[in-house]
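File shown here: final.pdb, holding PDB, C-alpha atoms.
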ATOM      1  CA  MET V 901      30.281  25.512  16.844
ATOM      2  CA  SER V 902      33.297  23.214  17.158
ATOM      3  CA  GLU V 903      31.618  21.734  20.200
ATOM      4  CA  LEU V 904      28.588  20.948  18.071
ATOM      5  CA  LEU V 905      30.764  19.331  15.395
ATOM      6  CA  SER V 906      32.934  17.302  17.729
ATOM      7  CA  GLN V 907      30.085  15.883  19.865
ATOM      8  CA  GLY V 908      32.545  15.070  22.632
ATOM      9  CA  GLY V 909      34.875  13.281  20.185
ATOM     10  CA  TYR V 910      32.068  11.178  18.704
ATOM     11  CA  GLY V 911      31.380  13.565  15.809
ATOM     12  CA  PHE V 912      32.326  10.989  13.175
ATOM     13  CA  TYR V 913      29.675   8.540  14.397
ATOM     14  CA  VAL V 914      26.959  11.113  15.020
ATOM     15  CA  TRP V 915      27.451  13.010  11.748
ATOM     16  CA  SER V 916      27.873   9.851   9.644
ATOM     17  CA  SER V 917      24.393   8.857  10.819
ATOM     18  CA  TYR V 918      22.817  12.237  10.047
ATOM     19  CA  ALA V 919      24.710  12.597   6.751
ATOM     20  CA  MET V 920      23.293   9.288   5.502
ATOM     21  CA  GLY V 921      19.806  10.438   6.454
ATOM     22  CA  LEU V 922      20.243  13.689   4.537
ATOM     23  CA  ILE V 923      21.761  11.943   1.506
ATOM     24  CA  LEU V 924      18.969   9.363   1.314
ATOM     25  CA  LEU V 925      16.127  11.878   1.570
ATOM     26  CA  VAL V 926      17.698  14.308  -0.927
ATOM     27  CA  LEU V 927      18.481  11.490  -3.392
ATOM     28  CA  GLU V 928      14.966  10.073  -3.094
ATOM     29  CA  LEU V 929      13.368  13.450  -3.854
ATOM     30  CA  ALA V 930      15.780  14.107  -6.742
ATOM     31  CA  GLN V 931      15.101  10.664  -8.193
ATOM     32  CA  LEU V 932      11.327  11.184  -7.920
ATOM     33  CA  ARG V 933      11.516  14.521  -9.748
ATOM     34  CA  ARG V 934      13.653  12.981 -12.475
ATOM     35  CA  GLN V 935      11.282  10.025 -12.781
ATOM     36  CA  ARG V 936       8.321  12.349 -13.240
ATOM     37  CA  ARG V 937      10.043  14.126 -16.130
ATOM     38  CA  ILE V 938      10.931  10.771 -17.728
ATOM     39  CA  ILE V 939       7.355   9.449 -17.428
ATOM     40  CA  LEU V 940       5.841  12.627 -18.905
ATOM     41  CA  ALA V 941       8.331  12.588 -21.786
ATOM     42  CA  ARG V 942       7.660   8.911 -22.481
ATOM     43  CA  LEU V 943       3.878   9.358 -22.438
ATOM     44  CA  GLY V 944       4.205  12.423 -24.678
ATOM     45  CA  ARG V 945       6.246  10.428 -27.207
ATOM     46  CA  LEU V 946       3.728   7.601 -27.065
ATOM     47  CA  MET V 947       0.874  10.014 -27.734
ATOM     48  CA  ARG V 948       2.654  11.607 -30.675
ATOM     49  CA  ILE V 949       3.244   8.164 -32.196
ATOM     50  CA  GLN V 950      -0.435   7.275 -31.749
ATOM     51  CA  ALA V 951      -1.535  10.622 -33.181
ATOM     52  CA  GLY V 952       0.746  10.088 -36.188
ATOM     53  CA  ARG V 953      -0.795   6.698 -36.846
ATOM     54  CA  GLY V 954      -4.323   8.102 -36.565
ATOM     55  CA  SER V 955      -3.807  10.779 -39.216
ATOM     56  CA  ARG V 956      -2.390   8.414 -41.792
TER      57      ARG V 956
ATOM     58  CA  MET R 645     -20.362   5.743  -2.302
ATOM     59  CA  LYS R 646     -18.769   9.066  -1.436
ATOM     60  CA  LEU R 647     -15.905   7.288   0.296
ATOM     61  CA  PHE R 648     -14.908   5.471  -2.873
ATOM     62  CA  ARG R 649     -14.648   8.742  -4.771
ATOM     63  CA  PHE R 650     -11.073   9.190  -3.579
ATOM     64  CA  SER R 651     -10.171   5.669  -4.600
ATOM     65  CA  SER R 652     -10.351   6.846  -8.201
ATOM     66  CA  PRO R 653      -6.852   7.620  -9.523
ATOM     67  CA  ALA R 654      -8.237  10.498 -11.614
ATOM     68  CA  ILE R 655      -9.563  12.203  -8.470
ATOM     69  CA  PHE R 656      -6.630  11.396  -6.225
ATOM     70  CA  TYR R 657      -3.897  12.483  -8.658
ATOM     71  CA  PRO R 658      -4.591  16.247  -8.467
ATOM     72  CA  LEU R 659      -5.473  16.008  -4.768
ATOM     73  CA  ALA R 660      -2.088  14.432  -3.966
ATOM     74  CA  GLY R 661      -0.401  17.103  -6.067
ATOM     75  CA  LYS R 662      -2.061  19.857  -4.040
ATOM     76  CA  MET R 663      -1.102  18.253  -0.720
ATOM     77  CA  ILE R 664       2.602  17.650  -1.510
ATOM     78  CA  PRO R 665       3.829  21.238  -0.855
ATOM     79  CA  TRP R 666       1.988  21.380   2.496
ATOM     80  CA  PHE R 667       3.447  18.088   3.668
ATOM     81  CA  ALA R 668       6.880  19.205   2.454
ATOM     82  CA  ALA R 669       6.711  22.485   4.393
ATOM     83  CA  LEU R 670       5.500  20.701   7.520
ATOM     84  CA  ALA R 671       8.223  18.057   7.198
ATOM     85  CA  ALA R 672      11.031  20.580   6.724
ATOM     86  CA  ALA R 673       9.844  22.749   9.616
ATOM     87  CA  THR R 674       9.367  19.941  12.121
ATOM     88  CA  ILE R 675      12.596  18.110  11.236
ATOM     89  CA  LEU R 676      14.597  21.341  11.605
ATOM     90  CA  VAL R 677      12.925  22.312  14.898
ATOM     91  CA  GLY R 678      13.282  18.756  16.221
ATOM     92  CA  LEU R 679      16.979  18.544  15.342
ATOM     93  CA  PHE R 680      17.718  22.021  16.712
ATOM     94  CA  TRP R 681      16.087  20.984  19.962
ATOM     95  CA  ALA R 682      17.910  17.647  19.853
ATOM     96  CA  PHE R 683      21.366  19.195  19.543
ATOM     97  CA  PHE R 684      21.058  22.329  21.686
ATOM     98  CA  GLU R 685      18.571  21.568  24.441
ATOM     99  CA  THR R 686      19.431  18.019  25.456
ATOM    100  CA  PRO R 687      21.986  16.804  28.032
ATOM    101  CA  ASP R 688      25.408  15.681  26.704
ATOM    102  CA  ARG R 689      25.389  12.542  28.767
ATOM    103  CA  LEU R 690      22.947   9.895  29.838
ATOM    104  CA  GLY R 691      23.179   8.398  33.275
ATOM    105  CA  GLY R 692      21.276   5.463  34.678
ATOM    106  CA  THR R 693      21.952   1.797  34.192
ATOM    107  CA  ASN R 694      23.182   2.257  30.633
ATOM    108  CA  PRO R 695      25.358   5.414  30.636
ATOM    109  CA  GLN R 696      26.002   6.998  27.253
ATOM    110  CA  LYS R 697      28.033   9.957  26.026
ATOM    111  CA  GLU R 698      27.231  12.370  23.172
ATOM    112  CA  TYR R 699      26.908   9.511  20.676
ATOM    113  CA  TYR R 700      23.466   8.740  22.085
ATOM    114  CA  ARG R 701      22.297  11.698  19.930
ATOM    115  CA  ILE R 702      22.086   9.211  17.047
ATOM    116  CA  ILE R 703      18.773   8.321  18.727
ATOM    117  CA  PHE R 704      17.102  11.371  17.105
ATOM    118  CA  ILE R 705      17.446   9.845  13.654
ATOM    119  CA  HIS R 706      17.691   6.152  14.541
ATOM    120  CA  VAL R 707      14.399   5.743  16.401
ATOM    121  CA  PRO R 708      12.299   7.882  14.005
ATOM    122  CA  ALA R 709      13.703   5.927  11.029
ATOM    123  CA  ALA R 710      13.026   2.580  12.735
ATOM    124  CA  TRP R 711       9.464   3.571  13.658
ATOM    125  CA  LEU R 712       8.749   4.773  10.119
ATOM    126  CA  SER R 713      10.206   1.560   8.672
ATOM    127  CA  MET R 714       7.645  -0.472  10.632
ATOM    128  CA  TRP R 715       4.780   1.984  10.154
ATOM    129  CA  ILE R 716       5.211   2.157   6.371
ATOM    130  CA  TYR R 717       5.287  -1.639   6.220
ATOM    131  CA  LEU R 718       1.922  -1.687   8.007
ATOM    132  CA  VAL R 719       0.648   0.850   5.465
ATOM    133  CA  VAL R 720       1.910  -1.256   2.537
ATOM    134  CA  ALA R 721       0.328  -4.432   3.923
ATOM    135  CA  ALA R 722      -2.942  -2.640   4.732
ATOM    136  CA  TYR R 723      -3.264  -1.261   1.197
ATOM    137  CA  CYS R 724      -2.411  -4.693  -0.203
ATOM    138  CA  ALA R 725      -5.181  -6.254   1.922
ATOM    139  CA  ILE R 726      -7.683  -3.575   0.847
ATOM    140  CA  GLY R 727      -6.652  -4.092  -2.767
ATOM    141  CA  LEU R 728      -7.150  -7.853  -2.531
ATOM    142  CA  ALA R 729     -10.490  -7.485  -0.744
ATOM    143  CA  PHE R 730     -12.095  -4.738  -2.853
ATOM    144  CA  ASN R 731     -10.022  -4.988  -6.030
ATOM    145  CA  THR R 732      -9.335  -1.253  -6.008
ATOM    146  CA  ARG R 733      -6.533  -0.218  -8.346
ATOM    147  CA  LEU R 734      -5.445   2.777  -6.312
ATOM    148  CA  SER R 735      -4.771   0.638  -3.201
ATOM    149  CA  PHE R 736      -2.146  -1.427  -4.994
ATOM    150  CA  MET R 737      -0.613   1.710  -6.481
ATOM    151  CA  MET R 738      -0.447   3.191  -2.980
ATOM    152  CA  ALA R 739       1.308   0.073  -1.662
ATOM    153  CA  ASN R 740       3.739   0.233  -4.563
ATOM    154  CA  ALA R 741       4.442   3.883  -3.940
ATOM    155  CA  ALA R 742       5.048   3.411  -0.207
ATOM    156  CA  ALA R 743       7.402   0.408  -0.291
ATOM    157  CA  PRO R 744      10.602   2.134  -1.570
ATOM    158  CA  THR R 745      10.297   4.884   1.049
ATOM    159  CA  GLY R 746       9.825   2.213   3.723
ATOM    160  CA  ALA R 747      12.906   0.405   2.481
ATOM    161  CA  ILE R 748      14.908   3.640   2.668
ATOM    162  CA  PHE R 749      13.892   4.194   6.304
ATOM    163  CA  THR R 750      14.722   0.560   7.112
ATOM    164  CA  PHE R 751      18.191   0.981   5.628
ATOM    165  CA  LEU R 752      18.620   4.268   7.521
ATOM    166  CA  ALA R 753      17.634   2.591  10.807
ATOM    167  CA  LEU R 754      20.218  -0.161  10.211
ATOM    168  CA  TRP R 755      22.935   2.288   9.121
ATOM    169  CA  THR R 756      22.498   4.673  12.053
ATOM    170  CA  GLY R 757      22.200   1.666  14.363
ATOM    171  CA  ALA R 758      25.575   0.414  13.160
ATOM    172  CA  PHE R 759      27.274   3.707  14.052
ATOM    173  CA  TRP R 760      25.540   3.794  17.421
ATOM    174  CA  GLY R 761      26.431   0.154  18.042
ATOM    175  CA  ARG R 762      30.097   0.818  17.221
ATOM    176  CA  THR R 763      30.271   3.456  19.943
ATOM    177  CA  SER R 764      28.056   2.012  22.665
ATOM    178  CA  TRP R 765      28.400  -1.749  22.116
ATOM    179  CA  GLY R 766      31.839  -1.736  20.462
ATOM    180  CA  THR R 767      30.619  -3.458  17.306
ATOM    181  CA  TRP R 768      29.100  -2.374  13.988
ATOM    182  CA  TRP R 769      26.806  -5.366  13.846
ATOM    183  CA  ASP R 770      25.458  -7.964  16.220
ATOM    184  CA  TRP R 771      22.877 -10.665  15.644
ATOM    185  CA  ASP R 772      20.729  -9.087  18.319
ATOM    186  CA  PRO R 773      17.079 -10.128  17.762
ATOM    187  CA  ARG R 774      15.929  -6.657  16.818
ATOM    188  CA  LEU R 775      18.802  -6.058  14.375
ATOM    189  CA  THR R 776      18.205  -9.418  12.748
ATOM    190  CA  SER R 777      14.464  -8.902  12.376
ATOM    191  CA  GLU R 778      14.933  -5.351  11.056
ATOM    192  CA  LEU R 779      17.339  -6.762   8.440
ATOM    193  CA  ILE R 780      14.667  -9.293   7.440
ATOM    194  CA  LEU R 781      12.235  -6.368   7.119
ATOM    195  CA  LEU R 782      14.636  -4.753   4.618
ATOM    196  CA  PHE R 783      14.706  -8.023   2.642
ATOM    197  CA  LEU R 784      10.894  -8.149   2.735
ATOM    198  CA  TYR R 785      10.667  -4.650   1.264
ATOM    199  CA  ILE R 786      13.206  -5.555  -1.429
ATOM    200  CA  GLY R 787      11.400  -8.844  -2.084
ATOM    201  CA  TYR R 788       8.053  -7.090  -2.421
ATOM    202  CA  ILE R 789       9.439  -4.502  -4.857
ATOM    203  CA  ALA R 790      11.394  -7.106  -6.847
ATOM    204  CA  LEU R 791       8.493  -9.556  -7.076
ATOM    205  CA  HIS R 792       6.175  -6.814  -8.300
ATOM    206  CA  SER R 793       8.566  -5.662 -10.985
ATOM    207  CA  ALA R 794       9.370  -9.229 -12.067
ATOM    208  CA  ILE R 795       5.787  -9.968 -13.179
ATOM    209  CA  ASP R 796       4.742  -8.242 -16.407
ATOM    210  CA  ASP R 797       0.971  -8.528 -15.952
ATOM    211  CA  GLN R 798       0.162  -5.667 -13.555
ATOM    212  CA  ARG R 799      -2.849  -7.317 -11.927
ATOM    213  CA  ARG R 800      -0.977 -10.549 -11.288
ATOM    214  CA  ALA R 801       1.996  -8.582  -9.995
ATOM    215  CA  ASP R 802      -0.316  -6.685  -7.640
ATOM    216  CA  ARG R 803      -1.883  -9.819  -6.217
ATOM    217  CA  ALA R 804       1.278 -11.904  -5.890
ATOM    218  CA  SER R 805       3.304  -9.176  -4.225
ATOM    219  CA  ALA R 806       0.351  -8.249  -1.988
ATOM    220  CA  LEU R 807       0.309 -11.773  -0.647
ATOM    221  CA  LEU R 808       4.032 -11.570   0.118
ATOM    222  CA  ALA R 809       3.554  -8.242   1.905
ATOM    223  CA  ILE R 810       0.716  -9.620   4.029
ATOM    224  CA  VAL R 811       2.631 -12.778   5.009
ATOM    225  CA  GLY R 812       5.603 -10.575   5.905
ATOM    226  CA  LEU R 813       3.440  -8.733   8.428
ATOM    227  CA  VAL R 814       4.510 -11.340  10.956
ATOM    228  CA  MET R 815       7.872  -9.531  11.226
ATOM    229  CA  ILE R 816       6.398  -6.315  12.615
ATOM    230  CA  PRO R 817       5.395  -7.598  16.086
ATOM    231  CA  ILE R 818       8.638  -9.576  16.172
ATOM    232  CA  ILE R 819      10.675  -6.405  15.647
ATOM    233  CA  PHE R 820       8.520  -4.454  18.060
ATOM    234  CA  TRP R 821       8.715  -6.931  20.929
ATOM    235  CA  SER R 822      12.151  -8.408  20.258
ATOM    236  CA  ILE R 823      13.807  -7.607  23.538
ATOM    237  CA  ASN R 824      15.704 -10.300  25.325
ATOM    238  CA  CYS R 825      17.096  -8.149  28.061
ATOM    239  CA  PRO R 826      14.746  -7.677  30.983
ATOM    240  CA  ASP R 827      17.567  -6.353  33.182
ATOM    241  CA  PRO R 828      19.807  -3.727  31.525
ATOM    242  CA  ASN R 829      22.535  -4.375  34.110
ATOM    243  CA  GLU R 830      23.145  -7.784  32.627
ATOM    244  CA  CYS R 831      23.192  -7.041  28.928
ATOM    245  CA  ALA R 832      23.964  -3.448  27.984
ATOM    246  CA  ALA R 833      24.959  -4.591  24.482
ATOM    247  CA  LEU R 834      21.427  -5.426  23.350
ATOM    248  CA  HIS R 835      18.222  -3.612  22.603
ATOM    249  CA  GLN R 836      16.509  -3.149  25.901
ATOM    250  CA  ARG R 837      12.970  -2.531  26.931
ATOM    251  CA  SER R 838      12.373   1.133  26.246
ATOM    252  CA  ASP R 839      10.235   3.042  28.649
ATOM    253  CA  MET R 840       9.229   6.449  27.319
ATOM    254  CA  SER R 841       7.961   7.649  30.693
ATOM    255  CA  ASN R 842      11.512   7.382  32.051
ATOM    256  CA  MET R 843      13.107   9.425  29.290
ATOM    257  CA  GLU R 844      14.481  12.896  29.805
ATOM    258  CA  PRO R 845      11.644  15.185  28.562
ATOM    259  CA  ASN R 846      13.803  17.163  26.081
ATOM    260  CA  ILE R 847      15.134  13.962  24.514
ATOM    261  CA  LEU R 848      11.656  12.488  24.256
ATOM    262  CA  SER R 849      10.112  15.670  22.798
ATOM    263  CA  SER R 850      12.757  16.215  20.128
ATOM    264  CA  MET R 851      12.658  12.533  19.160
ATOM    265  CA  LEU R 852       8.883  12.661  18.735
ATOM    266  CA  ILE R 853       9.072  15.889  16.710
ATOM    267  CA  VAL R 854      11.634  14.409  14.296
ATOM    268  CA  THR R 855       9.449  11.297  14.010
ATOM    269  CA  PHE R 856       6.494  13.492  13.070
ATOM    270  CA  GLY R 857       8.704  15.262  10.515
ATOM    271  CA  PHE R 858       9.789  11.949   8.961
ATOM    272  CA  TRP R 859       6.155  10.877   8.843
ATOM    273  CA  MET R 860       5.234  14.080   6.973
ATOM    274  CA  TYR R 861       8.210  13.530   4.648
ATOM    275  CA  SER R 862       6.914  10.043   3.877
ATOM    276  CA  PHE R 863       3.693  11.590   2.522
ATOM    277  CA  VAL R 864       5.751  13.815   0.209
ATOM    278  CA  ALA R 865       7.820  10.959  -1.218
ATOM    279  CA  ILE R 866       4.930   8.490  -1.401
ATOM    280  CA  PHE R 867       2.555  10.941  -3.103
ATOM    281  CA  MET R 868       5.238  11.952  -5.612
ATOM    282  CA  ARG R 869       5.892   8.313  -6.456
ATOM    283  CA  LEU R 870       2.170   7.550  -6.517
ATOM    284  CA  ARG R 871       1.556  10.284  -9.087
ATOM    285  CA  GLY R 872       4.194   8.753 -11.348
ATOM    286  CA  ILE R 873       2.665   5.293 -10.948
ATOM    287  CA  ILE R 874      -0.842   6.633 -11.704
ATOM    288  CA  LEU R 875       0.369   8.324 -14.897
ATOM    289  CA  SER R 876       2.135   5.168 -16.095
ATOM    290  CA  ARG R 877      -0.671   2.776 -15.285
ATOM    291  CA  GLU R 878      -3.547   4.994 -16.450
ATOM    292  CA  ALA R 879      -1.723   6.045 -19.633
ATOM    293  CA  ASP R 880      -4.599   4.881 -21.838
ATOM    294  CA  THR R 881      -7.224   7.082 -20.190
ATOM    295  CA  THR R 882      -8.390  10.384 -21.629
ATOM    296  CA  TRP R 883      -7.573  12.433 -18.550
ATOM    297  CA  VAL R 884      -3.921  11.301 -18.521
ATOM    298  CA  LYS R 885      -3.609  12.052 -22.236
ATOM    299  CA  GLU R 886      -5.030  15.531 -21.726
ATOM    300  CA  LEU R 887      -2.750  16.099 -18.762
ATOM    301  CA  VAL R 888       0.365  14.990 -20.646
ATOM    302  CA  ALA R 889      -0.575  17.216 -23.595
ATOM    303  CA  LYS R 890      -0.977  20.172 -21.224
ATOM    304  CA  GLU R 891       2.294  19.473 -19.345
ATOM    305  CA  GLN R 892       4.212  19.294 -22.596
ATOM    306  CA  GLY R 893       2.603  22.454 -23.893
ATOM    307  CA  GLN R 894       1.172  20.917 -27.021
TER     308      GLN R 894
END
Before anything else, please render the file you have as structure tokens.
Amino acid sequence: MSELLSQGGYGFYVWSSYAMGLILLVLELAQLRRQRRIILARLGRLMRIQAGRGSR
Amino acid sequence: MKLFRFSSPAIFYPLAGKMIPWFAALAAATILVGLFWAFFETPDRLGGTNPQKEYYRIIFIHVPAAWLSMWIYLVVAAYCAIGLAFNTRLSFMMANAAAPTGAIFTFLALWTGAFWGRTSWGTWWDWDPRLTSELILLFLYIGYIALHSAIDDQRRADRASALLAIVGLVMIPIIFWSINCPDPNECAALHQRSDMSNMEPNILSSMLIVTFGFWMYSFVAIFMRLRGIILSREADTTWVKELVAKEQGQ
């Protein structure tokens, strides 16, 4: 295990590369999920406003 | 006109939604298998004209990210060209959805390249032709995204940014063939001609598997973003209104 982490003393360089990859992919997916919720909420609000206008 | 059926956002939206979990499972499985192989079944050192120690293992994320950065740019430009030629709304939405993921892979290729360069070349950055052209690719992605969001009229934004994306295509062959080192003995500190047939088979296999995994991941991210774009841009249609009402449990 420590051999895997140290990568012959180059662990910092190897794992900094992989860590950035992991961070970017996880952040992108999290941001996309959040964006979907925001869009649905915004469209829902918009529809309620339009429905309110229609009934008046 | 069966082919054009899928160019309708209303048809493609649920289809993309159904495909996302499959692409996600395939991406997770292949990336994990590829990386396991890459770290446990490959030699610790590389010999040959350009000897490298364990730090060469950055290759398993660096090369897949760089390939995807170029591939996604081709996808963006192709959808822009189709959109301009046939005036199909979904093509522009597809290009819009793909660009941020391409930019992320471009940044990842540059970042991992910097760490690899620090160990094997002794420098974080060098104005090597391939590094320079990959950096320009990142600026092209950012320029495309920024130009599109700077124009309020969607159709104008689509056409103007599509033109930029297509002109930027010139960078892809430049990145791909930017090698100024025919003899690795003379210039180890540059991108050299890569010859896949000379690679150690375990290194080559795991690199290709991770690349496939990244490619599958790109479908997940692009389809998720595309679904958001479709909802926003088709907000006036009946099917989106019904869908929003259902999602919000009204």
message: Around the point (0.4, -9.3, -3.7) (coordinates from the file), which residues reach within 9 Å if we count all atoms listed in the file? Answer as a list in words.
response: Cys724, Ala725, Gly727, Leu728, Phe736, Tyr788, Leu791, His792, Arg800, Ala801, Asp802, Arg803, Ala804, Ser805, Ala806, Leu807, Leu808, Ala809 and Ile810 of chain R
message: Need the shell around segment 865-880 of chain R: protein/DNA/RNA residues with any atom at most 10 Å away, counting all atoms listed in the file. Skip same-chain ones fewer than 2 positions apart. Format as JSON, numbers by chain?
response: {"V": [925, 928, 929, 931, 932, 933, 935, 936, 937, 938, 939, 940, 942, 943, 946, 947], "R": [653, 654, 656, 657, 658, 659, 660, 661, 663, 664, 667, 668, 733, 734, 737, 738, 739, 740, 741, 742, 743, 744, 745, 746, 798, 860, 861, 862, 863, 882, 883, 884, 885, 887, 888]}
task: Check which residues satisfy the ChimeraX specification (/V :<6) & /R in the file shown, then give them as a ChimeraX atom specification.
output: /R:698-699,702,756,759,872
task: Find the distance between atom CA of Trp821 of chain R and atom CA of Ser777 of chain R and write it in Å to one decimal.
output: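 Separation between atom CA of Trp821 of chain R and atom CA of Ser777 of chain R: 10.5 Å.
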- request: Name every residue that the PyMOL selection byres ((chain R and resi 814) around 12) selects in this structure, writing the answer as a PyMOL selection string with chains first and numbers rising.
  value: chain R and resi 714+717-718+721+777+780-781+784+808-813+815-821
message: For the provided coordinates, the residues matched by the PyMOL selection byres ((chain R and resi 851) around 12) should be stated as a ChimeraX atom specification.
response: /R:674-683,686,700-711,840,843-850,852-858
statement: Atom pair atom CA of Ser713 of chain R + atom CA of Ile748 of chain R, distance 7.9 Å
